[in-house]
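Here the structure comes first, spelled out in structure tokens, and everything after it is commentary.
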Amino acid sequence: MTEPIRSNELGGLLLRWLSESRSGKASALRDGVRGQAHARGLELKEYADWNWMRGATALGFIDLDLRADRWSVAPPVLTRLPHADGLALLTGARTARISAHIAKAAQEWMELISVPHRPDAGEVPLPDTLLVQYEDLKTLRDTAESLGVRYVPCAARQLAELLPQAELGCEAAPPGGSTANTLEKYEPRLQRFVAMDRDDEDGLYRWRGADYARLTRVRRDGVFHAVEREAGIYLELARHRISAMRWRPESGPGRAGVGRLFVDRYAPLPALHERAAVLCSGFPPSTSRQAQTRAYDNVPRALADAIAASLCQTLEIMPRPAATVGGRTK
Amino acid sequence: MAARCLWRDQAKHKTVPSPGEMQTGRRNFSFGDRVDHSYEAWQEVLAEEFFGCQHAGHPTLFYVDDDVEQELRHGYGLEEPLTQCVGRFLRLGIAEPYGLLEEYRWRRRQHDKDGVPAFLPLLACSVIAASRMVNDRNHRATAYHARFSELLTGDDKRLGSQHYEPVSRMWQVLASWQHSQKGARGLCTIPAPADLPSNRSMIGFAQSQALLSGADRTFMPKFFRSLREHGTTWPLPGETLLAQIEIRGMERHFSKGFRNALHEEEFRPLLAKLIGNYAASWDGSEELVPTGVTRAELLVRLDAGRLGWVARLRSAEQKQRVELKGGVVLEQLGDTAYYEVSDLPAPSAESLTRGVRRNGEGLVLSRPASSVVVLSRDDVLGVWASTEGFRPGEAHVVLAAPAAQRDVQRLLDKAATSGRKADTGKLAWVPQGWSLHKPVVFDSAVTLRRALQEVQGAVGLLQPPAQFKLRLEGGLKLAPSLDPYLYLTGGEPQVVLPDTTEGTDVLLVDGEARAELGMAIAAGGAVPLAGLGLEPGRHTVNYAGVEIEFATADQSVVEPKIAKICGFAVVDGKAFESSSVLEGDALTTGIIGADCAGATPDDETGVTELCRRDADEVLFAAADGRLWTLERPEHPDWWAERLPDTPLSLHFEADFHGIGGWLLERRNGRWTGSPVNPGTPKPAHAANPRAWACAVLNAHQASDEPLWAVYVQAAKELDR
């Protein structure tokens with residue numbers, strides 16, 4: 001059950017670096033990810049460095065403020081996974097000191113499951129997922145204390161209560177000035193932004209601001225409103241009544257309240273929604289190129305509903321698959 | 001010289017220290033009793049004249065001959081001749097005659113790390129010596145050291161080739177510095193060591209700068225113009241330009257030094273490269289380097305499916321808005337060196353191949369003609385923008401005019417790791433008739449250089465920056481502000497090897513050649529040290545006689561102070577949409593990573609309990625008299641996919657929301673009970689109170705707690 005911690009792996013190494021450094025510039029983090037991947041001969045996709053940062057953020061290792069070009073490492077946390085039969089997730093900072101505590105505990109008394117990340121081709125591996133098996137809640141709190149990490153009862157469930165509602169932000173200036181020629185409009189049919197010369201229709205637009213930073217704005221009734229890109233896409237999908245989210249309950253008896261949340265790739269979840277979904281299993285979403293979806297495991301129906309509702313989506317419930325017998329869970 | 005004098009007059013008032021200023025010591029970086037104000041003044045003048053901001057984006061030649069020296073001396077009012085001044089500070093008769101000057105350079109560097117390396121007066125003398133290399137009564141044309149020695153000591157034997165190595169090294173330091181400025185202080189024309197003939201590996205640097213005199217450079221635009229009038233593809237490779245000079249019998253317009261180099265097999269490639277660089281950066285103006293006028297570079301930008309322009313202005317003074325003739329307006333993007341360009345037609349096949357030039361007051365916006373456009377990701381703008389050459393390891397977009405497509409394809413076939421096949425998607429933004437390759441990546445700098453050398457033609461000038469010295473690059477630094485050479489163990493940097501002439505040097509890591517580095521070691525290449533399994537501690541890398549030290553550690557020696565914490569602020573029970581730097585109360589109530597404890601109270605209304613899977617029976621006796629039998633659920637589906645081995649699952653979860661009672665488990669005939677917000681039992685009004693009472697009485701030994709005894713008592717009362 002217990003596996004040694006492979007901190008020499010790239011994902012673990014990067015997390016160690018972030019944990020020991022504690023905070024810094026987002027651009028330097030990006031260079032570090034890209035540089036170490038190249039040094040190991042990895043051929044990266046165009047945005048693999050950003051994808052790694054996004055993944056590490058969703059998993060609760062770091063937080064980012066891209067506008068301020070900053071990152072900081074999150075505190076180390078032990079938190080329960082919902083409906084996971086006694087599994088808790090260790091996330092946040094993983095300094096040498098914390099890693100040593102974990103390794104020692106795993107050798108002596110703690111049931112630790114260490115699962116290496118299997119990245120898609122062209123992506124940079126994320127840190128291993130560390131799961132702790134517990135028998136009752138009191139021992140889980142004690143375990144957190146022994147490891148020197150914070151105990152958070154169930155981050156996924158708690159975040160569900162805090163999810164912000166996608167809505168129009170404050171009124172904003174329309175496109176104009178010298179960067180007006182960078183205007184693009186989100187085309188729901190094509191599921192992407194396309195170059196546009198005019199902004200005379202309602203919809204989701206983006207363009208470059210005076211400092212060439214990208215601005216995303218929603219136009220409603222002729223008025224432009226500030227919005228985050230991900231939330232803006234969901235507002236646009238809602239306007240066109242397009243569904244981008246499905247949930248399928250698990251097949252096993254007694255597991256109907258937990259399932260897999262599918263989200264279309266062209267409509268990525270906002271950062272906090274993604275974190276809530278990821279912290280249900282401790283694993284980044286699996287991606288299906290064929291189905292063009294990201295799938296989040298072990299998401300309770302109530303959380304899936306909360307995510308969908310806060311993004312103006314009607315959650316589509318897929319039929320429950322037939323129960324499988326045998327396999328590795330036998 | 002006339003054009004340069006114009007600039008010099010301006011510079012004289014702006015930058016050269018006054019004698020009074022020098023005497024106060026404000027700009028005297030402790031030469032003190034060793035190197036004096038005269039040397040310092042020469043350094044200032046040479047730096048301003050040859051490496052000032054006016055050269056941004058232009059090839060710069062550090063050309064100094066006797067005439068130039070005199071003009072500078074008189075123009076700037078310097079009293080002491082350059083050679084005399086330098087000669088005074090030599091320590092003749094010992095192995096290191098330039099020790100005082102090197103010492104001065106290091107002292108200066110401590111005060112100004114980014115400034116021009118402070119040995120320009122000595123290097124200028126080395127160029128003067130090279131400019132004198134013609135047959136005369138005293139020396140053969142090839143005798144360099146005798147001339148250099150005579151120039152500085154009055155005796156042609158006091159400084160020999162055995163003393164020259166430090167000068168050669170200073171040239172490489174100067175080149176390295178100029179490359180590090182990314183064109184802001186002129187494009188470097190000092191050749192890479194690998195480009196020098198083997199018998200000129202030391203003196204070739206100085207000679208390269210003496211190849212084109214001021215008169216040669218003044219004539220160059222006329223020559224270029226005459227070629228372009230015939231409608232040829234532009235820019236032409238350097239060798240073709242030299243051939244054209246010969247075919248048209250134009251040698252007579254050039255200096256003797258140029259003519260000599262033209263006919264010398266070993267120097268001709270250097271000359272070709274130099275003149276090719278000038279042709280590639282010539283924007284069609286009357287002067288090769290417009291002096292007294294700031295130049296804004298016009299770059300091609302690819303963003304949001306459109307080709308556009310963006311200007312880059314690297315001068316110290318940056319206006320927010322600049323108006324040019326023809327209604328073109330430049331507007332600064334934030335506080336960057338980049339400007340949005342308005343009212344200039346988007347890049348097209350014609351404008352790219354012909355070049356663009358717009359004049360303004362004291363500023364010219366220009367882009368030289370080119371038949372190949374190479375774009376790479378610009379970290380400041382976050383988009384693709386044109387670049388001067390390929391950068392190994394990075395992705396590029398390559399656009400090629402029909403005339404250049406054959407050369408581009410040959411280059412990619414020889415050296416590219418990816419992007420060899422042209423994109424035939426007929427994207428609307430690709431100029432008509434041009435080919436598109438993307439993403440083009442060259443993993444090996446060495447292979448790329450060799451291929452560029454072989455193919456030449458339209459791509460010959462797209463060389464990656466030359467490497468002049470051994471240096472460390474990248475790596476996961478642990479405390480860059482405290483120790484820039486301390487890395488996390490496993491995150492070691494890569495070592496960038498200089499371009500050496502031999503290419504046979506051995507890279508030593510901690511004194512040993514490492515077999516696992518194998519093919520990675522090549523002159524001019526980057527060798528990753530990560531993966532060698534270096535133990536924490538101090539390490540050295542050694543190559544071609546140069547050694548660099550660095551250290552690795554498993555963790556921070558001093559725990560760094562966390563400067564700014566990012567997270568999601570929470571207001572009125574809802575989080576913000578995006579994370580940001582948290583301040584004040586937001587630090588305690590925000591969501592940081594998975595820690596949302598400050599944002600939500602522990603959810604005590606909902607309780608989760610673990611039930612044993614091996615229990616024979618699991619019941620929940622609620623305080624209100626209801627009774628549930630809890631069935632064992634199946635294991636989670638996702639375990640099989642996600643976990644390497646299925647955990648030995650001993651428990652399953654039961655959630656209780658808004659209800660209290662006792663959880664009862666029977667194993668091997670024994671009952672155990674756990675309270676779940678049990679409260680006071682009131683079972684009488686339940687639908688089936690007898691079943692509840694029966695279950696509680698069956699399990700009456702489940703717990704010794706008084707709260708359970710209350711339940712048992714309530715059951716007994718019902719059972720009566």
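Residues in the structure tokens are numbered from 1 in each chain, the chains being A, B, ... in the order shown, and ligands are numbered from 1 in the order shown.
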
I need the contact residues of chain A against chain B, so if you could list those with any atom within 7 Å, counting only C-alpha atoms, and return them as a compact mmCIF listing (two decimals) with C-alpha atoms, in the first residue's frame, that would help.
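Contents of the output file part_12.txt:
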```
# COMPACT_ATOMS: atom_id res chain seq x y z
CA ASN A 8 13.08 13.24 -7.97
CA TRP A 17 11.01 24.10 -5.58
CA GLU A 20 10.91 25.94 -0.64
CA SER A 21 10.69 29.25 -2.52
CA ARG A 22 7.18 30.02 -1.19
CA SER A 23 6.32 32.82 -3.62
CA GLY A 32 11.24 27.05 -14.49
CA GLY A 35 13.32 24.89 -18.64
CA GLN A 36 13.24 21.72 -16.53
CA ALA A 39 16.36 19.74 -19.79
CA GLY A 60 -4.50 23.23 -4.43
CA PHE A 61 -0.70 23.36 -4.57
CA ILE A 62 -0.38 27.01 -5.53
CA ASP A 63 -2.42 30.15 -6.19
CA LEU A 64 -1.77 32.57 -9.02
CA ASP A 65 -2.40 36.22 -9.74
CA TRP A 71 2.33 33.02 -7.46
CA SER A 72 2.45 31.72 -3.91
CA ALA A 74 -0.62 27.11 -0.58
CA PRO A 75 -0.40 25.84 3.00
CA VAL A 77 -3.53 20.60 3.94
CA HIS A 83 -17.67 9.44 -0.48
CA ALA A 84 -14.23 7.93 -0.89
CA ASP A 85 -14.50 5.23 1.78
CA GLY A 86 -11.85 6.68 4.03
CA GLY A 92 -0.47 22.25 -0.71
CA ALA A 96 11.65 18.85 2.31
CA VAL A 115 -0.05 7.92 -7.37
CA GLU A 135 -10.40 4.74 9.82
CA ASP A 136 -12.16 7.47 11.72
CA VAL A 152 -9.74 20.89 6.38
CA PRO A 153 -12.80 18.64 6.81
CA ALA A 155 -12.47 21.08 0.88
CA GLN A 158 -16.80 23.47 1.54
CA LEU A 162 -18.48 29.44 -1.82
CA LEU A 163 -18.65 29.18 -5.62
CA PRO A 164 -19.25 32.58 -7.19
CA SER A 178 -5.11 51.86 -31.16
CA THR A 179 -5.74 48.24 -30.21
CA THR A 182 -7.26 43.08 -32.08
CA ALA A 195 -11.44 37.88 -35.48
CA ALA A 210 -3.59 49.77 -23.75
CA ASP A 211 -0.87 47.65 -22.11
CA TYR A 212 -1.60 44.81 -24.54
CA GLU A 250 -21.47 5.63 -10.69
CA GLY A 252 -22.16 0.38 -8.19
CA PRO A 253 -24.92 -0.24 -5.66
CA GLY A 254 -25.06 2.52 -3.08
CA ARG A 255 -23.01 4.90 -5.26
CA ALA A 271 -10.45 28.31 -11.46
CA ASP A 297 -14.09 11.81 -10.89
CA ASN A 298 -15.96 11.22 -7.68
CA ARG A 328 -9.77 -4.57 -9.81
CA THR A 329 -12.26 -3.61 -7.12
```

> Hey, what does DSSP flag as strand (DSSP E) within region 75-324 of chain A? Can you give it to me as a PyMOL selection string?
Replying inline: chain A and resi 77-80+87-91+111-115+129-133+150-152+184-187+192-195+203-208+214-220+223-226+245-249+258-264+286-288+293-300+316-317

Would you output that residue set with C-alpha atoms, as a PDB file, in the first residue's frame?
```
ATOM      1  CA  VAL A  77      -3.531  20.597   3.939  1.00  0.00           C
ATOM      2  CA  LEU A  78      -5.056  17.218   4.721  1.00  0.00           C
ATOM      3  CA  THR A  79      -8.657  17.046   3.586  1.00  0.00           C
ATOM      4  CA  ARG A  80     -11.212  14.267   3.140  1.00  0.00           C
ATOM      5  CA  LEU A  87      -9.442   8.440   1.692  1.00  0.00           C
ATOM      6  CA  ALA A  88      -8.045  11.898   2.397  1.00  0.00           C
ATOM      7  CA  LEU A  89      -5.855  14.058   0.185  1.00  0.00           C
ATOM      8  CA  LEU A  90      -2.547  15.669   1.116  1.00  0.00           C
ATOM      9  CA  THR A  91      -2.116  18.833  -0.911  1.00  0.00           C
ATOM     10  CA  GLU A 111      -1.368   4.191   5.093  1.00  0.00           C
ATOM     11  CA  LEU A 112      -0.193   6.333   2.174  1.00  0.00           C
ATOM     12  CA  ILE A 113      -1.121   5.843  -1.445  1.00  0.00           C
ATOM     13  CA  SER A 114       1.171   7.718  -3.793  1.00  0.00           C
ATOM     14  CA  VAL A 115      -0.051   7.924  -7.374  1.00  0.00           C
ATOM     15  CA  THR A 129      -1.269  12.568  -5.770  1.00  0.00           C
ATOM     16  CA  LEU A 130      -0.846  11.585  -2.108  1.00  0.00           C
ATOM     17  CA  LEU A 131      -3.841   9.887  -0.503  1.00  0.00           C
ATOM     18  CA  VAL A 132      -4.036   8.902   3.147  1.00  0.00           C
ATOM     19  CA  GLN A 133      -6.305   6.083   4.236  1.00  0.00           C
ATOM     20  CA  ARG A 150      -3.760  21.853   8.386  1.00  0.00           C
ATOM     21  CA  TYR A 151      -6.901  19.780   8.643  1.00  0.00           C
ATOM     22  CA  VAL A 152      -9.738  20.890   6.382  1.00  0.00           C
ATOM     23  CA  GLU A 184     -12.393  39.013 -31.459  1.00  0.00           C
ATOM     24  CA  LYS A 185     -15.852  37.653 -30.744  1.00  0.00           C
ATOM     25  CA  TYR A 186     -16.738  34.315 -29.203  1.00  0.00           C
ATOM     26  CA  GLU A 187     -18.568  32.193 -31.699  1.00  0.00           C
ATOM     27  CA  ARG A 192     -13.818  29.675 -30.118  1.00  0.00           C
ATOM     28  CA  PHE A 193     -13.030  33.347 -30.568  1.00  0.00           C
ATOM     29  CA  VAL A 194     -12.857  34.614 -34.144  1.00  0.00           C
ATOM     30  CA  ALA A 195     -11.440  37.879 -35.479  1.00  0.00           C
ATOM     31  CA  GLY A 203     -21.993  38.670 -27.263  1.00  0.00           C
ATOM     32  CA  LEU A 204     -18.645  37.896 -25.706  1.00  0.00           C
ATOM     33  CA  TYR A 205     -15.681  39.878 -27.013  1.00  0.00           C
ATOM     34  CA  ARG A 206     -12.023  40.120 -26.259  1.00  0.00           C
ATOM     35  CA  TRP A 207      -9.308  42.504 -27.363  1.00  0.00           C
ATOM     36  CA  ARG A 208      -5.994  43.937 -26.257  1.00  0.00           C
ATOM     37  CA  ARG A 214      -6.111  40.753 -23.013  1.00  0.00           C
ATOM     38  CA  LEU A 215      -9.497  42.120 -21.959  1.00  0.00           C
ATOM     39  CA  THR A 216     -12.641  39.991 -22.034  1.00  0.00           C
ATOM     40  CA  ARG A 217     -15.981  41.769 -22.044  1.00  0.00           C
ATOM     41  CA  VAL A 218     -19.621  40.824 -22.431  1.00  0.00           C
ATOM     42  CA  ARG A 219     -21.871  43.106 -24.463  1.00  0.00           C
ATOM     43  CA  ARG A 220     -25.492  43.105 -23.294  1.00  0.00           C
ATOM     44  CA  VAL A 223     -23.392  47.944 -22.891  1.00  0.00           C
ATOM     45  CA  PHE A 224     -20.041  46.285 -22.205  1.00  0.00           C
ATOM     46  CA  HIS A 225     -19.386  44.556 -18.883  1.00  0.00           C
ATOM     47  CA  ALA A 226     -16.182  43.204 -17.368  1.00  0.00           C
ATOM     48  CA  MET A 245     -21.897  19.931 -18.645  1.00  0.00           C
ATOM     49  CA  ARG A 246     -23.060  16.392 -17.960  1.00  0.00           C
ATOM     50  CA  TRP A 247     -22.969  14.156 -14.921  1.00  0.00           C
ATOM     51  CA  ARG A 248     -23.121  10.392 -14.828  1.00  0.00           C
ATOM     52  CA  PRO A 249     -23.721   8.521 -11.584  1.00  0.00           C
ATOM     53  CA  VAL A 258     -21.544  10.185  -6.732  1.00  0.00           C
ATOM     54  CA  GLY A 259     -20.398  10.245 -10.309  1.00  0.00           C
ATOM     55  CA  ARG A 260     -18.284  11.664 -13.071  1.00  0.00           C
ATOM     56  CA  LEU A 261     -18.691  15.254 -14.200  1.00  0.00           C
ATOM     57  CA  PHE A 262     -18.027  15.832 -17.908  1.00  0.00           C
ATOM     58  CA  VAL A 263     -17.244  19.351 -19.069  1.00  0.00           C
ATOM     59  CA  ASP A 264     -16.725  20.275 -22.713  1.00  0.00           C
ATOM     60  CA  SER A 286      -8.903  13.035 -17.501  1.00  0.00           C
ATOM     61  CA  THR A 287      -9.190  14.366 -21.009  1.00  0.00           C
ATOM     62  CA  SER A 288     -10.799  12.707 -23.937  1.00  0.00           C
ATOM     63  CA  THR A 293     -14.359  16.623 -22.746  1.00  0.00           C
ATOM     64  CA  ARG A 294     -12.632  16.805 -19.397  1.00  0.00           C
ATOM     65  CA  ALA A 295     -13.919  14.323 -16.845  1.00  0.00           C
ATOM     66  CA  TYR A 296     -13.772  14.903 -13.088  1.00  0.00           C
ATOM     67  CA  ASP A 297     -14.093  11.811 -10.895  1.00  0.00           C
ATOM     68  CA  ASN A 298     -15.959  11.223  -7.677  1.00  0.00           C
ATOM     69  CA  VAL A 299     -18.087  14.361  -7.886  1.00  0.00           C
ATOM     70  CA  PRO A 300     -21.186  14.208  -5.643  1.00  0.00           C
ATOM     71  CA  GLU A 316     -27.600  17.042 -17.889  1.00  0.00           C
ATOM     72  CA  ILE A 317     -27.883  13.719 -16.036  1.00  0.00           C
TER      73      ILE A 317
END
```

Shell of 9 Å around Pro193 (chain B), only C-alpha atoms, local chain residues under 3 positions omitted, as a PDB file with N, CA and C atoms, in the first residue's frame:
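Written out: result-v8.pdb:
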```pdb
ATOM      1  N   GLN B 172      35.774  38.855 -26.186  1.00  0.00           N
ATOM      2  CA  GLN B 172      34.637  37.939 -26.021  1.00  0.00           C
ATOM      3  C   GLN B 172      33.697  38.419 -24.918  1.00  0.00           C
ATOM      4  N   LEU B 196      36.317  32.266 -36.568  1.00  0.00           N
ATOM      5  CA  LEU B 196      37.629  32.844 -36.865  1.00  0.00           C
ATOM      6  C   LEU B 196      38.559  31.795 -37.467  1.00  0.00           C
ATOM      7  N   PRO B 197      39.407  32.228 -38.388  1.00  0.00           N
ATOM      8  CA  PRO B 197      40.414  31.296 -38.912  1.00  0.00           C
ATOM      9  C   PRO B 197      41.301  30.827 -37.761  1.00  0.00           C
ATOM     10  N   SER B 201      42.847  33.081 -34.204  1.00  0.00           N
ATOM     11  CA  SER B 201      41.848  32.855 -33.160  1.00  0.00           C
ATOM     12  C   SER B 201      41.903  33.921 -32.070  1.00  0.00           C
ATOM     13  N   MET B 202      43.039  34.612 -31.952  1.00  0.00           N
ATOM     14  CA  MET B 202      43.118  35.660 -30.930  1.00  0.00           C
ATOM     15  C   MET B 202      42.998  37.063 -31.528  1.00  0.00           C
ATOM     16  N   GLY B 204      41.826  37.830 -34.446  1.00  0.00           N
ATOM     17  CA  GLY B 204      40.728  37.958 -35.404  1.00  0.00           C
ATOM     18  C   GLY B 204      39.616  38.880 -34.929  1.00  0.00           C
ATOM     19  N   PHE B 205      39.412  38.973 -33.604  1.00  0.00           N
ATOM     20  CA  PHE B 205      38.339  39.833 -33.090  1.00  0.00           C
ATOM     21  C   PHE B 205      38.609  41.291 -33.469  1.00  0.00           C
ATOM     22  N   ALA B 466      25.572  34.115 -30.834  1.00  0.00           N
ATOM     23  CA  ALA B 466      26.799  33.357 -30.579  1.00  0.00           C
ATOM     24  C   ALA B 466      27.065  33.288 -29.072  1.00  0.00           C
ATOM     25  N   GLN B 467      27.686  32.218 -28.645  1.00  0.00           N
ATOM     26  CA  GLN B 467      28.034  32.052 -27.229  1.00  0.00           C
ATOM     27  C   GLN B 467      29.522  32.330 -27.065  1.00  0.00           C
ATOM     28  N   PHE B 468      29.834  33.269 -26.212  1.00  0.00           N
ATOM     29  CA  PHE B 468      31.237  33.653 -26.066  1.00  0.00           C
ATOM     30  C   PHE B 468      31.876  33.121 -24.796  1.00  0.00           C
ATOM     31  N   PRO B 498      30.767  27.714 -24.774  1.00  0.00           N
ATOM     32  CA  PRO B 498      31.103  28.743 -25.761  1.00  0.00           C
ATOM     33  C   PRO B 498      31.371  28.126 -27.133  1.00  0.00           C
ATOM     34  N   ASP B 499      31.247  28.933 -28.163  1.00  0.00           N
ATOM     35  CA  ASP B 499      31.628  28.483 -29.503  1.00  0.00           C
ATOM     36  C   ASP B 499      33.148  28.514 -29.557  1.00  0.00           C
ATOM     37  N   THR B 500      33.762  27.376 -29.556  1.00  0.00           N
ATOM     38  CA  THR B 500      35.226  27.380 -29.599  1.00  0.00           C
ATOM     39  C   THR B 500      35.692  26.945 -30.971  1.00  0.00           C
ATOM     40  N   THR B 501      36.916  27.249 -31.253  1.00  0.00           N
ATOM     41  CA  THR B 501      37.441  26.900 -32.570  1.00  0.00           C
ATOM     42  C   THR B 501      37.668  25.406 -32.683  1.00  0.00           C
TER      43      THR B 501
END
```

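The coordinates place CA of His263 (chain B) at 19.3 Å from CA of Phe219 (chain B).
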
> Can you tell me, as a VMD selection string, what residues are no more than 12 Å from Ala267 (chain A) when counting only C-alpha atoms, ignoring any on the same chain fewer than 6 positions away?
Replying inline: chain A and resid 186 188 190 to 193 229 to 238 242 to 245 274 292 to 294 311 313

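You will find CA of Glu516 (chain B) at 24.9 Å from CA of Glu123 (chain A).
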
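Coordinates place CA of Leu718 (chain B) at a distance of 22.6 Å from CA of Arg666 (chain B).
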
>> as number ranges by chain, please: every residue in region 170-382 of chain B that DSSP puts in alpha helix (DSSP H).
In response: B: 170-180, 204-209, 214-228, 238-247, 256-263, 268-281, 349-354
